[in-house]
Structures are given as C-alpha cells and as structure tokens.
>>> print(open('input-v7.cif').read())   # mmCIF, C-alpha atoms
data_work
#
loop_
_atom_site.label_atom_id
_atom_site.label_comp_id
_atom_site.auth_asym_id
_atom_site.auth_seq_id
_atom_site.Cartn_x
_atom_site.Cartn_y
_atom_site.Cartn_z
CA MET V 3 40.22 23.09 -92.32
CA VAL V 4 39.36 22.71 -88.67
CA GLY V 5 38.33 19.27 -87.55
CA THR V 6 38.70 17.08 -84.53
CA VAL V 7 41.80 15.40 -83.19
CA SER V 8 42.14 12.10 -81.39
CA VAL V 9 43.32 12.10 -77.81
CA ALA V 10 44.15 9.19 -75.53
CA PHE V 11 45.05 9.59 -71.90
CA SER V 12 44.44 8.11 -68.52
CA VAL V 13 41.97 9.78 -66.16
CA ASN V 14 41.92 8.49 -62.59
CA GLY V 15 43.48 5.25 -63.78
CA ARG V 16 40.96 4.70 -66.56
CA ASP V 17 42.01 4.82 -70.22
CA VAL V 18 40.07 7.45 -72.14
CA LYS V 19 39.98 7.87 -75.90
CA ALA V 20 38.04 10.59 -77.65
CA LYS V 21 37.89 12.94 -80.58
CA VAL V 22 37.90 16.58 -79.54
CA GLU V 23 38.01 19.97 -81.16
CA PRO V 24 41.53 21.35 -80.65
CA ARG V 25 40.13 24.33 -78.73
CA THR V 26 38.53 22.10 -76.08
CA LEU V 27 40.00 22.91 -72.68
CA LEU V 28 41.01 20.02 -70.44
CA VAL V 29 38.55 21.18 -67.76
CA THR V 30 35.72 21.26 -70.30
CA PHE V 31 36.57 17.75 -71.43
CA LEU V 32 36.70 16.44 -67.85
CA ARG V 33 33.41 18.04 -66.86
CA GLU V 34 31.33 17.79 -70.01
CA ASN V 35 32.64 14.69 -71.78
CA LEU V 36 33.50 12.58 -68.74
CA GLY V 37 31.02 14.04 -66.25
CA LEU V 38 33.77 14.61 -63.70
CA THR V 39 32.26 17.77 -62.26
CA GLY V 40 34.35 17.75 -59.09
CA THR V 41 36.88 19.87 -60.98
CA HIS V 42 35.40 23.36 -60.77
CA VAL V 43 35.67 26.39 -63.03
CA GLY V 44 36.00 29.49 -60.88
CA CYS V 45 37.62 32.38 -62.69
CA ASP V 46 38.36 30.78 -66.07
CA THR V 47 41.39 33.09 -66.25
CA SER V 48 44.01 30.78 -64.66
CA GLN V 49 44.12 32.69 -61.41
CA CYS V 50 41.81 31.02 -58.87
CA GLY V 51 42.97 27.39 -58.99
CA ALA V 52 39.53 25.79 -58.51
CA CYS V 53 40.26 23.75 -61.64
CA CYS V 54 43.54 22.24 -60.37
CA VAL V 55 44.16 18.63 -61.39
CA LEU V 56 47.30 16.52 -61.41
CA LEU V 57 48.92 16.04 -64.82
CA ASP V 58 51.55 13.32 -64.58
CA GLY V 59 51.61 13.96 -60.85
CA ARG V 60 52.07 17.75 -60.89
CA SER V 61 49.30 20.26 -60.19
CA VAL V 62 48.18 22.33 -63.15
CA LYS V 63 45.24 24.56 -63.97
CA SER V 64 43.00 22.56 -66.27
CA CYS V 65 41.28 25.73 -67.56
CA THR V 66 44.57 26.77 -69.15
CA ILE V 67 45.49 23.51 -70.88
CA LEU V 68 43.98 22.16 -74.06
CA ALA V 69 42.69 18.60 -73.84
CA VAL V 70 45.00 17.71 -76.75
CA GLN V 71 48.01 18.84 -74.71
CA ALA V 72 47.20 16.08 -72.20
CA ASP V 73 47.43 13.42 -74.92
CA GLY V 74 49.44 10.49 -73.57
CA ALA V 75 49.46 11.85 -70.01
CA SER V 76 47.97 10.68 -66.75
CA VAL V 77 45.33 12.96 -65.24
CA THR V 78 44.08 12.76 -61.65
CA THR V 79 41.01 14.69 -60.55
CA ILE V 80 39.45 15.02 -57.10
CA GLU V 81 37.26 11.99 -57.96
CA GLY V 82 40.41 9.91 -58.37
CA LEU V 83 41.90 10.66 -54.95
CA GLY V 84 39.64 8.72 -52.61
CA THR V 85 36.15 7.32 -52.27
CA PRO V 86 33.40 8.37 -49.84
CA GLU V 87 34.17 5.18 -47.90
CA LYS V 88 37.94 5.60 -48.01
CA LEU V 89 38.94 9.23 -48.28
CA HIS V 90 42.46 10.34 -49.17
CA PRO V 91 44.49 11.56 -46.14
CA MET V 92 44.35 15.13 -47.49
CA GLN V 93 40.55 14.91 -47.79
CA ILE V 94 40.34 13.63 -44.20
CA ALA V 95 42.55 16.52 -43.07
CA PHE V 96 40.28 19.09 -44.76
CA ASN V 97 37.28 17.41 -43.11
CA GLU V 98 38.79 17.25 -39.62
CA ASN V 99 40.18 20.80 -39.73
CA HIS V 100 37.10 22.25 -41.41
CA GLY V 101 39.29 23.53 -44.24
CA LEU V 102 36.42 25.09 -46.14
CA GLN V 103 33.58 27.54 -45.92
CA CYS V 104 31.42 27.37 -49.06
CA GLY V 105 33.51 24.52 -50.51
CA PHE V 106 33.73 25.76 -54.08
CA CYS V 107 37.54 26.09 -54.09
CA THR V 108 38.06 22.88 -52.11
CA PRO V 109 38.70 20.41 -54.96
CA GLY V 110 41.41 22.67 -56.38
CA MET V 111 42.86 23.34 -52.93
CA ILE V 112 43.10 19.62 -52.23
CA MET V 113 44.68 18.72 -55.58
CA SER V 114 47.21 21.54 -55.17
CA ALA V 115 47.87 20.45 -51.56
CA VAL V 116 48.44 16.82 -52.55
CA ASP V 117 51.08 17.94 -55.06
CA PHE V 118 52.72 20.18 -52.43
CA ALA V 119 52.72 17.45 -49.77
CA GLN V 120 54.56 15.00 -52.03
CA GLY V 121 57.82 16.80 -51.24
CA ASN V 122 56.95 18.47 -47.94
CA ALA V 123 56.14 16.11 -45.07
CA GLU V 124 56.57 18.78 -42.37
CA PRO V 125 55.63 22.10 -43.96
CA THR V 126 55.52 25.36 -42.04
CA PRO V 127 52.41 27.56 -42.32
CA ASP V 128 54.46 30.06 -44.33
CA GLN V 129 55.45 27.38 -46.86
CA VAL V 130 51.81 26.34 -47.21
CA ARG V 131 50.66 29.91 -47.71
CA GLU V 132 53.36 30.52 -50.30
CA TRP V 133 52.39 27.36 -52.19
CA LEU V 134 48.70 28.28 -52.16
CA GLU V 135 49.47 31.47 -54.10
CA GLY V 136 47.61 30.00 -57.06
CA ASN V 137 44.52 28.86 -55.12
CA ILE V 138 42.04 31.51 -54.10
CA CYS V 139 39.33 31.08 -51.46
CA ARG V 140 36.82 33.86 -52.00
CA CYS V 141 35.36 33.19 -48.52
CA THR V 142 38.89 33.99 -47.28
CA GLY V 143 38.84 30.88 -45.12
CA TYR V 144 42.58 30.46 -45.38
CA HIS V 145 43.36 29.83 -41.73
CA ASN V 146 41.73 26.41 -41.60
CA ILE V 147 42.85 25.57 -45.14
CA VAL V 148 46.46 26.10 -44.09
CA ALA V 149 45.91 23.97 -40.97
CA SER V 150 44.33 21.26 -43.15
CA VAL V 151 47.26 21.19 -45.57
CA GLU V 152 49.76 20.96 -42.69
CA ALA V 153 47.82 18.05 -41.15
CA GLY V 154 47.27 16.39 -44.53
CA ALA V 155 50.97 16.58 -45.41
CA ARG V 156 51.90 14.90 -42.12
CA ALA V 157 49.22 12.22 -42.66
CA MET V 158 50.37 11.56 -46.24
CA ALA V 159 53.95 11.07 -45.04
CA LYS V 160 52.77 8.42 -42.57
CA ALA V 161 50.35 6.68 -44.96
CA MET H 21 38.07 30.72 -78.21
CA TYR H 22 37.94 30.72 -81.99
CA ALA H 23 38.57 27.36 -83.67
CA PHE H 24 42.03 26.43 -84.89
CA ASP H 25 43.89 23.42 -86.23
CA TYR H 26 46.40 21.71 -83.96
CA HIS H 27 49.78 20.24 -84.89
CA LYS H 28 52.31 18.48 -82.71
CA PRO H 29 55.60 18.22 -84.62
CA HIS H 30 58.34 15.80 -83.60
CA SER H 31 61.30 17.81 -84.85
CA LEU H 32 62.30 21.45 -85.09
CA ALA H 33 62.43 21.13 -88.86
CA GLU H 34 58.87 19.83 -88.90
CA ALA H 35 57.78 22.72 -86.65
CA ALA H 36 59.47 25.25 -88.94
CA ALA H 37 57.82 23.70 -92.00
CA LEU H 38 54.41 23.92 -90.33
CA LEU H 39 54.95 27.59 -89.57
CA GLU H 40 55.99 28.21 -93.15
CA ALA H 41 52.94 26.38 -94.50
CA HIS H 42 50.55 28.23 -92.18
CA PRO H 43 51.49 31.92 -92.03
CA GLU H 44 48.80 32.67 -89.45
CA ALA H 45 49.91 29.87 -87.12
CA ARG H 46 51.20 30.45 -83.60
CA LEU H 47 53.69 28.40 -81.63
CA LEU H 48 52.37 26.89 -78.39
CA ALA H 49 54.96 26.45 -75.64
CA GLY H 50 53.59 26.23 -72.07
CA GLY H 51 50.50 28.16 -73.09
CA MET H 52 50.29 30.18 -69.88
CA THR H 53 49.87 33.41 -71.82
CA LEU H 54 48.70 32.16 -75.21
CA ILE H 55 45.75 30.10 -73.97
CA PRO H 56 44.27 32.94 -71.86
CA THR H 57 44.82 35.22 -74.88
CA LEU H 58 42.93 32.79 -77.13
CA LYS H 59 40.14 32.49 -74.56
CA GLN H 60 39.70 36.25 -74.60
CA ARG H 61 39.72 36.18 -78.41
CA LEU H 62 42.61 38.62 -78.42
CA ALA H 63 44.36 36.33 -80.92
CA SER H 64 42.85 34.14 -83.62
CA PRO H 65 45.56 31.97 -85.17
CA THR H 66 44.44 29.51 -87.82
CA ASP H 67 46.76 26.85 -86.39
CA LEU H 68 48.65 26.06 -83.22
CA VAL H 69 52.01 24.32 -83.49
CA ASP H 70 52.62 22.66 -80.12
CA LEU H 71 56.30 22.37 -79.18
CA GLY H 72 55.39 20.01 -76.32
CA GLY H 73 56.59 16.99 -78.27
CA LEU H 74 60.16 18.23 -78.77
CA ALA H 75 62.17 16.61 -75.99
CA ASP H 76 65.35 18.20 -77.41
CA LEU H 77 64.08 21.59 -76.26
CA VAL H 78 63.88 20.52 -72.60
CA GLY H 79 66.83 20.47 -70.27
CA ILE H 80 69.50 22.32 -68.34
CA VAL H 81 73.21 21.96 -69.03
CA VAL H 82 75.69 23.55 -66.63
CA ASP H 83 79.39 23.68 -67.46
CA ALA H 84 82.36 25.68 -66.25
CA GLY H 85 81.31 29.12 -67.36
CA GLU H 86 77.74 28.96 -68.55
CA ILE H 87 74.28 27.53 -68.12
CA THR H 88 72.25 26.53 -71.16
CA ILE H 89 68.51 26.09 -70.76
CA GLY H 90 66.27 24.52 -73.40
CA ALA H 91 63.37 26.68 -74.59
CA MET H 92 60.69 24.26 -73.33
CA THR H 93 62.18 23.98 -69.84
CA THR H 94 59.59 24.99 -67.26
CA HIS H 95 60.00 27.68 -64.63
CA ALA H 96 59.64 24.95 -61.97
CA ALA H 97 62.54 22.98 -63.48
CA VAL H 98 64.78 26.07 -63.41
CA ALA H 99 63.64 27.00 -59.89
CA HIS H 100 64.36 23.50 -58.53
CA SER H 101 67.56 22.74 -60.45
CA LYS H 102 70.25 21.97 -57.86
CA GLU H 103 72.96 23.09 -60.27
CA ILE H 104 71.33 26.43 -61.02
CA LYS H 105 70.68 26.99 -57.32
CA ALA H 106 74.38 26.36 -56.67
CA ARG H 107 75.90 28.29 -59.59
CA LEU H 108 73.38 31.04 -60.34
CA PRO H 109 70.91 31.22 -57.42
CA ALA H 110 69.49 34.55 -58.62
CA LEU H 111 68.11 32.81 -61.71
CA ALA H 112 66.52 30.00 -59.68
CA ALA H 113 64.96 32.57 -57.34
CA LEU H 114 63.64 34.58 -60.29
CA ALA H 115 61.99 31.47 -61.77
CA GLU H 116 60.50 30.58 -58.37
CA GLY H 117 58.85 34.00 -58.23
CA ILE H 118 56.95 33.71 -61.53
CA GLY H 119 53.17 33.39 -61.22
CA ASP H 120 52.18 30.51 -58.96
CA PRO H 121 53.20 26.83 -58.67
CA GLN H 122 50.74 25.65 -61.33
CA VAL H 123 51.90 28.30 -63.79
CA ARG H 124 55.52 27.34 -63.08
CA HIS H 125 54.74 23.70 -63.87
CA ARG H 126 53.70 24.66 -67.41
CA GLY H 127 55.25 28.01 -68.32
CA THR H 128 58.56 27.91 -70.19
CA ILE H 129 61.55 30.18 -70.61
CA GLY H 130 61.26 30.09 -74.41
CA GLY H 131 57.59 31.02 -74.29
CA SER H 132 58.19 33.82 -71.82
CA ILE H 133 60.95 35.52 -73.79
CA SER H 134 59.23 35.06 -77.15
CA ASN H 135 56.11 36.70 -75.75
CA ALA H 136 58.25 39.55 -74.32
CA ASP H 137 55.66 40.81 -71.88
CA PRO H 138 56.95 44.16 -70.55
CA ALA H 139 56.33 42.92 -66.98
CA ALA H 140 57.79 39.41 -67.37
CA ASP H 141 60.71 38.38 -65.15
CA TYR H 142 62.97 36.46 -67.54
CA PRO H 143 63.82 39.41 -69.83
CA ALA H 144 65.56 41.06 -66.84
CA ALA H 145 67.70 37.96 -66.31
CA LEU H 146 68.63 37.65 -69.97
CA VAL H 147 69.65 41.28 -70.36
CA GLY H 148 71.10 41.53 -66.84
CA LEU H 149 73.36 38.55 -67.43
CA GLY H 150 74.16 39.30 -71.07
CA ALA H 151 72.66 36.00 -72.19
CA THR H 152 72.47 34.67 -75.74
CA VAL H 153 69.27 33.44 -77.37
CA ILE H 154 69.87 30.49 -79.68
CA THR H 155 67.23 29.98 -82.36
CA ASP H 156 66.85 27.47 -85.17
CA ARG H 157 68.66 29.99 -87.40
CA ARG H 158 71.20 32.02 -85.39
CA GLU H 159 72.39 33.39 -82.08
CA ILE H 160 70.98 36.70 -80.81
CA ALA H 161 72.49 38.72 -77.94
CA ALA H 162 69.91 39.49 -75.25
CA ASP H 163 70.65 43.21 -75.68
CA ASP H 164 69.37 42.92 -79.26
CA PHE H 165 66.57 40.41 -78.62
CA PHE H 166 63.95 42.51 -76.81
CA THR H 167 62.98 45.30 -79.19
CA GLY H 168 59.77 46.70 -77.66
CA MET H 169 56.50 45.93 -75.92
CA PHE H 170 55.70 42.31 -76.87
CA GLU H 171 58.28 42.70 -79.65
CA THR H 172 61.45 40.70 -80.24
CA ALA H 173 64.11 40.34 -82.90
CA LEU H 174 62.65 36.96 -83.90
CA ALA H 175 61.78 36.76 -87.58
CA PRO H 176 58.43 35.25 -88.61
CA GLY H 177 58.65 31.49 -88.15
CA GLU H 178 61.91 31.63 -86.18
CA ILE H 179 61.95 29.30 -83.15
CA VAL H 180 63.88 29.77 -79.91
CA ARG H 181 65.87 26.62 -79.06
CA GLN H 182 67.92 27.58 -76.03
CA VAL H 183 69.10 30.41 -73.84
CA ARG H 184 72.75 30.48 -72.79
CA PHE H 185 73.64 32.39 -69.61
CA PRO H 186 77.23 33.24 -68.68
CA ILE H 187 77.76 32.57 -64.96
CA PRO H 188 78.56 35.88 -63.22
CA LEU H 189 80.70 36.52 -60.14
CA ALA H 190 77.53 37.52 -58.29
CA ALA H 191 73.95 38.34 -59.19
CA GLY H 192 70.67 39.31 -57.59
CA TYR H 193 67.07 39.89 -58.66
CA ALA H 194 64.49 41.90 -56.76
CA LYS H 195 60.98 42.69 -57.84
CA PHE H 196 57.99 44.56 -56.58
CA PRO H 197 55.30 42.10 -57.65
CA ASN H 198 51.76 42.94 -58.57
CA PRO H 199 50.00 41.33 -55.61
CA ALA H 200 47.42 39.60 -57.82
CA SER H 201 49.40 38.38 -60.82
CA ARG H 202 52.99 38.35 -59.48
CA TYR H 203 54.09 40.08 -62.65
CA ALA H 204 56.77 42.67 -61.95
CA VAL H 205 55.50 46.19 -61.36
CA VAL H 206 59.26 46.77 -61.34
CA GLY H 207 61.99 44.13 -61.30
CA ALA H 208 65.74 44.71 -61.34
CA PHE H 209 68.41 42.16 -62.17
CA VAL H 210 71.98 43.06 -61.22
CA ALA H 211 75.04 41.03 -62.23
CA ARG H 212 78.70 41.59 -61.39
CA THR H 213 80.98 40.00 -63.95
CA ALA H 214 84.67 40.16 -64.80
CA ALA H 215 83.76 42.64 -67.55
CA GLY H 216 81.79 44.96 -65.28
CA VAL H 217 78.32 45.37 -63.80
CA ARG H 218 75.03 45.02 -65.65
CA VAL H 219 71.67 46.31 -64.43
CA ALA H 220 68.48 45.38 -66.30
CA VAL H 221 65.00 46.57 -65.38
CA THR H 222 61.69 44.94 -66.32
CA GLY H 223 58.11 46.08 -65.66
CA ALA H 224 59.00 49.76 -65.58
CA GLY H 225 59.13 50.54 -69.29
CA PRO H 226 57.66 49.24 -72.57
CA SER H 227 60.50 46.70 -72.68
CA VAL H 228 63.42 45.63 -70.51
CA PHE H 229 66.20 48.27 -70.39
CA ARG H 230 69.64 48.78 -68.87
CA LEU H 231 70.77 51.58 -66.56
CA PRO H 232 74.27 52.66 -67.67
CA GLU H 233 74.65 55.28 -64.92
CA MET H 234 73.92 52.74 -62.19
CA GLU H 235 76.15 50.16 -63.90
CA ALA H 236 79.08 52.63 -63.82
CA ALA H 237 78.45 53.55 -60.19
CA LEU H 238 78.23 49.89 -59.16
CA ALA H 239 81.38 49.05 -61.12
CA SER H 240 83.22 51.58 -58.92
CA SER H 241 81.61 50.40 -55.70
CA PHE H 242 79.37 47.32 -55.66
CA ALA H 243 77.14 48.38 -52.78
CA PRO H 244 73.53 49.61 -52.51
CA GLN H 245 74.71 53.05 -51.32
CA ALA H 246 76.58 53.56 -54.60
CA ILE H 247 73.33 54.20 -56.49
CA ALA H 248 71.53 56.13 -53.75
CA GLY H 249 71.76 59.51 -55.49
CA ILE H 250 70.91 58.38 -59.01
CA ASP H 251 67.46 59.50 -60.18
CA VAL H 252 65.62 57.60 -62.89
CA PRO H 253 63.58 59.86 -65.20
CA GLU H 254 59.92 58.88 -65.34
CA ASP H 255 59.35 60.20 -68.89
CA ASP H 256 59.16 56.92 -70.80
CA LEU H 257 57.99 54.65 -67.99
CA ASN H 258 54.72 52.72 -67.88
CA ARG H 259 51.70 54.14 -66.12
CA ASP H 260 48.64 52.04 -65.34
CA PRO H 261 46.14 51.56 -62.48
CA HIS H 262 48.78 49.63 -60.52
CA ALA H 263 51.48 52.30 -60.44
CA THR H 264 52.20 55.76 -61.82
CA ALA H 265 55.35 56.43 -63.82
CA ALA H 266 56.77 58.43 -60.90
CA TYR H 267 56.20 55.51 -58.53
CA ARG H 268 57.83 53.11 -60.96
CA ALA H 269 60.81 55.45 -61.31
CA HIS H 270 61.17 55.41 -57.53
CA LEU H 271 60.84 51.62 -57.41
CA VAL H 272 63.64 51.19 -59.98
CA GLY H 273 66.13 52.61 -57.48
CA VAL H 274 64.70 50.62 -54.57
CA MET H 275 64.62 47.30 -56.45
CA THR H 276 68.10 47.80 -57.89
CA ALA H 277 69.50 48.47 -54.41
CA ARG H 278 67.76 45.34 -53.10
CA ALA H 279 69.13 43.29 -55.99
CA VAL H 280 72.65 44.49 -55.15
CA THR H 281 72.10 43.49 -51.52
CA THR H 282 70.92 40.04 -52.65
CA ALA H 283 73.95 39.69 -54.92
CA LEU H 284 76.27 40.57 -52.03
CA GLU H 285 74.64 37.92 -49.85
CA SER H 286 74.84 35.18 -52.49
#
>>> encode(input="input-v7.cif", output="structure tokens")
Amino acid sequence: MVGTVSVAFSVNGRDVKAKVEPRTLLVTFLRENLGLTGTHVGCDTSQCGACCVLLDGRSVKSCTILAVQADGASVTTIEGLGTPEKLHPMQIAFNENHGLQCGFCTPGMIMSAVDFAQGNAEPTPDQVREWLEGNICRCTGYHNIVASVEAGARAMAKA
Amino acid sequence: MYAFDYHKPHSLAEAAALLEAHPEARLLAGGMTLIPTLKQRLASPTDLVDLGGLADLVGIVVDAGEITIGAMTTHAAVAHSKEIKARLPALAALAEGIGDPQVRHRGTIGGSISNADPAADYPAALVGLGATVITDRREIAADDFFTGMFETALAPGEIVRQVRFPIPLAAGYAKFPNPASRYAVVGAFVARTAAGVRVAVTGAGPSVFRLPEMEAALASSFAPQAIAGIDVPEDDLNRDPHATAAYRAHLVGVMTARAVTTALES
C-alpha cells in the first residue's frame, strides 16, 4: 500500500516539514514544493551536476537522492548561499571572472565549487578541473569556470 | 519512477525482517545505481529498505594486518581515510577514481559490490586482495562472491555488513576509464602478499576474474616486464560501443603492467 511519508529537514536554514511520495526526488521537492528553482535539472541521469546542492555540507546530485533520504539533514541550495545585495564570495568570483556562458550549469557549478573550496584554499587549475568531473558545461566554457573557482576558493579562505 | 513504499530500519534485524516480509523489496544503500535504475523503470520494487539509518554499517577499522570497512561507508570516506592512504594506498586511490565527487559522497562499498556491475572498480580490489565479505549470516571469500554479470553469492534477503581486506606487501590499481562515466573499460588490481601475487581484472569480462598465468609470472619476478609476453584471449571478453573484445584483451595487459608499476612505487 503506497502512501506518503513525512519528512522534516532544514533548507537554507529554514525548517521544512512535508508529506511526500517516497519516489519524490529531492530536486523535484526543492523546485516544485518549495519553489526553489535555482537548482536546475539538466540531464536527470546524475551526470551533469546542474542539480548539485549541499547535503550536510557536502555536494550531492539532488536528482539522484529521494527527498525522504534527506530527512533530518540540512540542505543548502544556490538560493541559500548569498543574496543579490550580498553575494557569496564564490558567486562574486563567477561574476568577476565571467565563469559562465549560458548560465544553466552555473548553480550546480557554484555549489560544487563551494564544497571543493572548503578544503582547498589555494587550488591548482588541475585540481579544480579534476573536481569538476561531475559538473558539465555544455557551452564548454570551462576556462573561465576554472578561473572563477580558483578565485572563489582564495576569497572564501580570506572571508 | 514507479511508486514504492519506503522503510528506514534502525537495526540489521529490522532490515532483514522487512526484506522477508516484502519479497519484492530492494535494499537502498547510496542509491547511485539503484535510483537511476528506478528512474528508467528498469526495476520496479514494491518497497525500498533504506540502510541509511544504520550507523553500525559505517566506518573504517584498521589494525595490524587488515582493514575492515562498513558496508555503508562512502567512496569519499575510503578515499580520504588517512589510515587507508597510509596502509593500503591502492584502495584509497581506487575509491578516489569512482565516478565523480558527488557520486563518491553518496555511493557505498556495500552497494557497489552487491550490485556487482561488471565495470565497477571495487570488485577488482576485493578479488585482487583476497578480501572477505561479511554478511548478516556468514563470511564469503571474494573469490566466491562475484558469480556473474550483476550476480553475487548473496542469498535473497542477505545483507552485506562489512568487507575485510588483508593488508598486502604492495598493491596497485590501474584502470582505463570510460571518459564519460569513469567506469572501468578495463581495470586491473595487483597485490603482492606473503602468499604470492594476485591479479584481478574488472570491466573486461562479464564479472571480475583473476589471471593465474600473470600471477605466476609476477610471483617469479614482480616487474611489469614479467608479463610482457602473456596474451589474454579475447573469447569471453565484453564488446560494446566503447571497446571491442580485442581492444579490451590488449588493455588487460597494459593496465596490469601499470598496476605493477604503481605497486612498485607505493
């Protein structure tokens, strides 16, 4: 007998409680139930990384996690990083280095980069490229994305 | 995705009882293979039993001669473990090469070996090191665990608890990754132990397999040149759009030689 299950977790610092079908993906819940459409669905096959969010501080692909698996956890989406008035240092770095072309992959790139930068204050371009294995830019605008992540990591270390 | 019921047990016994009560249930570990499979409707379990609440299944214990890893330990935890990096760096490097960072944050060793994907990395480490799989019922030698393509010796409802790796004298892993998925087109794990040399190959065949001829040659002389003349027959190897069987056969020799070189440098 398939019904709904209760979930309770924190999203961008706000407590969220809901009843969901077990098959609801975390990304679907974020976008459709909470209206947090900054988290994008690119491939829907866990390859492109546009749906990256932080789950208890680590980057994960929210298209490959059930909402119920996040029960009790803390979720951070791109909306929770900064505000238009006060952007996160990684967001500023993507802006200043023009780390985007069409911008579709950018939210996932930034969430992945924030996770990476937590332990890498002075990354090399090779380390950044290796980390971004799971984030695909279909415009192939990687050069400036890598420069943005390097700058953002340095800025986060100083902040 | 078809609908299913969801259960999150708080003990292994509770998980086993749920599997017994729901014969069409599936265990959910990290979900990095199962959730994409459900999304493609390639599986339609009536129930998912999520092992994510079983803290007992998470952790790494290193003692004098062996490393024991809980089934729900993530690839990232293995890759970043200081003790594994110090005592068995080939295993840490193997874990670091699985998928991408986000997959490694979720994917687990227990899930990987239970799924037994023919191109997964961990089966090579288990068979290459002569590991032991510890379930809620018994211990299974790695040589007996992987029985075919996506097939294992696990009985219905049996749950992997831990994997125990003996620490070798030296070990190395080399793989030729699929550039998109990072699954092994061919991966070779080589271990030199007091009892001899083991070589296990993943990605090339329907399931991980050993190479006795190369093991014997490496036992005589543990150097990449020792296996230079040994041909691997392509007869039973995988063929797909990524690589022909002949190419895989060639890669087995190349990857094994590279794994030996890595082992010598470790």
>>> residues_around(input="input-v7.cif", residues="Thr6 of chain V", least_positions_apart="6", cutoff="7 Å", atoms="all atoms listed in the file", output="list in words")
Lys21, Val22, Glu23 and Pro24 of chain V
>>> interface_residues(input="input-v7.cif", of="chain V", to="chain H", cutoff="10 Å", atoms="all atoms listed in the file", output="CSV table (one decimal) with C-alpha atoms, keeping the file's coordinate frame")
chain,number,residue,atom,x,y,z
V,3,MET,CA,40.2,23.1,-92.3
V,4,VAL,CA,39.4,22.7,-88.7
V,5,GLY,CA,38.3,19.3,-87.6
V,6,THR,CA,38.7,17.1,-84.5
V,7,VAL,CA,41.8,15.4,-83.2
V,23,GLU,CA,38.0,20.0,-81.2
V,24,PRO,CA,41.5,21.4,-80.6
V,25,ARG,CA,40.1,24.3,-78.7
V,26,THR,CA,38.5,22.1,-76.1
V,27,LEU,CA,40.0,22.9,-72.7
V,46,ASP,CA,38.4,30.8,-66.1
V,47,THR,CA,41.4,33.1,-66.2
V,48,SER,CA,44.0,30.8,-64.7
V,49,GLN,CA,44.1,32.7,-61.4
V,51,GLY,CA,43.0,27.4,-59.0
V,54,CYS,CA,43.5,22.2,-60.4
V,55,VAL,CA,44.2,18.6,-61.4
V,56,LEU,CA,47.3,16.5,-61.4
V,57,LEU,CA,48.9,16.0,-64.8
V,60,ARG,CA,52.1,17.8,-60.9
V,61,SER,CA,49.3,20.3,-60.2
V,62,VAL,CA,48.2,22.3,-63.2
V,63,LYS,CA,45.2,24.6,-64.0
V,64,SER,CA,43.0,22.6,-66.3
V,65,CYS,CA,41.3,25.7,-67.6
V,66,THR,CA,44.6,26.8,-69.2
V,67,ILE,CA,45.5,23.5,-70.9
V,68,LEU,CA,44.0,22.2,-74.1
V,70,VAL,CA,45.0,17.7,-76.8
V,71,GLN,CA,48.0,18.8,-74.7
V,72,ALA,CA,47.2,16.1,-72.2
V,114,SER,CA,47.2,21.5,-55.2
V,117,ASP,CA,51.1,17.9,-55.1
V,118,PHE,CA,52.7,20.2,-52.4
V,132,GLU,CA,53.4,30.5,-50.3
V,133,TRP,CA,52.4,27.4,-52.2
V,134,LEU,CA,48.7,28.3,-52.2
V,135,GLU,CA,49.5,31.5,-54.1
V,136,GLY,CA,47.6,30.0,-57.1
V,137,ASN,CA,44.5,28.9,-55.1
>>> closest_residue(input="input-v7.cif", among="H:Phe170, H:Ala140, H:Asp164, H:Val180", to="Ile89 of chain H", atoms="all atoms listed in the file")
H:Val180
>>> residues_around(input="input-v7.cif", residues="Ala194 of chain H", least_positions_apart="6", cutoff="8 Å", atoms="all atoms listed in the file", output="ChimeraX atom specification")
/H:207-209,275-276,278-279,282
>>> residues_around(input="input-v7.cif", residues="segment 82-95 of chain V", least_positions_apart="3", cutoff="6 Å", atoms="only C-alpha atoms", output="ChimeraX atom specification")
/V:14,78-79,98-99,150,153-154,157-158
>>> closest_residue(input="input-v7.cif", among="H:Ala246, H:Val280, H:Leu111, H:Ala175", to="Val219 of chain H", atoms="all atoms listed in the file")
H:Val280
>>> resolve_selection(input="input-v7.cif", expression="the PyMOL selection byres ((chain V and resi 11) around 7)", output="list in words")
Val9, Ala10, Ser12, Val13, Asp17, Val18, Lys19, Ala72, Asp73, Gly74, Ala75 and Ser76 of chain V
>>> closest_residue(input="input-v7.cif", among="V:Asp128, V:Ala123, V:Glu81, V:Val116", to="Tyr144 of chain V", atoms="all atoms listed in the file")
V:Asp128
>>> residues_around(input="input-v7.cif", residues="His100 of chain H", least_positions_apart="4", cutoff="9 Å", atoms="only C-alpha atoms", output="ChimeraX atom specification")
/H:95-96,104-105,112,115-116
>>> residues_around(input="input-v7.cif", residues="segment 248-259 of chain H", least_positions_apart="6", cutoff="7 Å", atoms="only C-alpha atoms", output="number ranges by chain")
H: 224-226, 265-266, 269
>>> resolve_selection(input="input-v7.cif", expression="the PyMOL selection byres ((chain V and resi 38) around 10)", output="PyMOL selection string")
chain V and resi 13+29-37+39-42+79-82
>>> closest_residue(input="input-v7.cif", among="H:Pro244, H:Gly79, H:Gly177, H:Gly150", to="Ala215 of chain H", atoms="all atoms listed in the file")
H:Gly150
>>> closest_residue(input="input-v7.cif", among="V:Gly121, V:Gly59, V:Gly44, V:Lys160", to="Thr108 of chain V", atoms="all atoms listed in the file")
V:Gly44
>>> residues_near_point(input="input-v7.cif", point="(73.3, 42.1, -76.3)", cutoff="10 Å", atoms="all atoms listed in the file", output="PyMOL selection string")
chain H and resi 146-153+160-166
>>> decode(input="input-v7.cif", residues="segment 147-157 of chain V", atoms="N, CA and C atoms", output="CSV table (one decimal), in the first residue's frame")
chain,number,residue,atom,x,y,z
V,147,ILE,N,35.4,29.1,-15.9
V,147,ILE,CA,34.8,28.5,-14.7
V,147,ILE,C,35.9,28.1,-13.8
V,148,VAL,N,37.0,27.5,-14.4
V,148,VAL,CA,38.2,27.1,-13.6
V,148,VAL,C,38.8,28.4,-12.9
V,149,ALA,N,38.9,29.4,-13.7
V,149,ALA,CA,39.5,30.7,-13.1
V,149,ALA,C,38.6,31.2,-12.0
V,150,SER,N,37.3,31.1,-12.1
V,150,SER,CA,36.3,31.5,-11.1
V,150,SER,C,36.5,30.7,-9.8
V,151,VAL,N,36.6,29.4,-10.0
V,151,VAL,CA,36.7,28.6,-8.8
V,151,VAL,C,38.0,28.8,-8.0
V,152,GLU,N,39.1,29.0,-8.8
V,152,GLU,CA,40.4,29.4,-8.1
V,152,GLU,C,40.2,30.7,-7.4
V,153,ALA,N,39.6,31.7,-8.0
V,153,ALA,CA,39.5,33.0,-7.3
V,153,ALA,C,38.5,32.9,-6.1
V,154,GLY,N,37.4,32.1,-6.3
V,154,GLY,CA,36.4,32.0,-5.3
V,154,GLY,C,37.0,31.3,-4.1
V,155,ALA,N,37.8,30.2,-4.3
V,155,ALA,CA,38.5,29.5,-3.2
V,155,ALA,C,39.4,30.4,-2.4
V,156,ARG,N,40.1,31.2,-3.1
V,156,ARG,CA,41.0,32.2,-2.4
V,156,ARG,C,40.2,33.2,-1.6
V,157,ALA,N,39.1,33.6,-2.2
V,157,ALA,CA,38.2,34.6,-1.5
V,157,ALA,C,37.6,34.0,-0.3
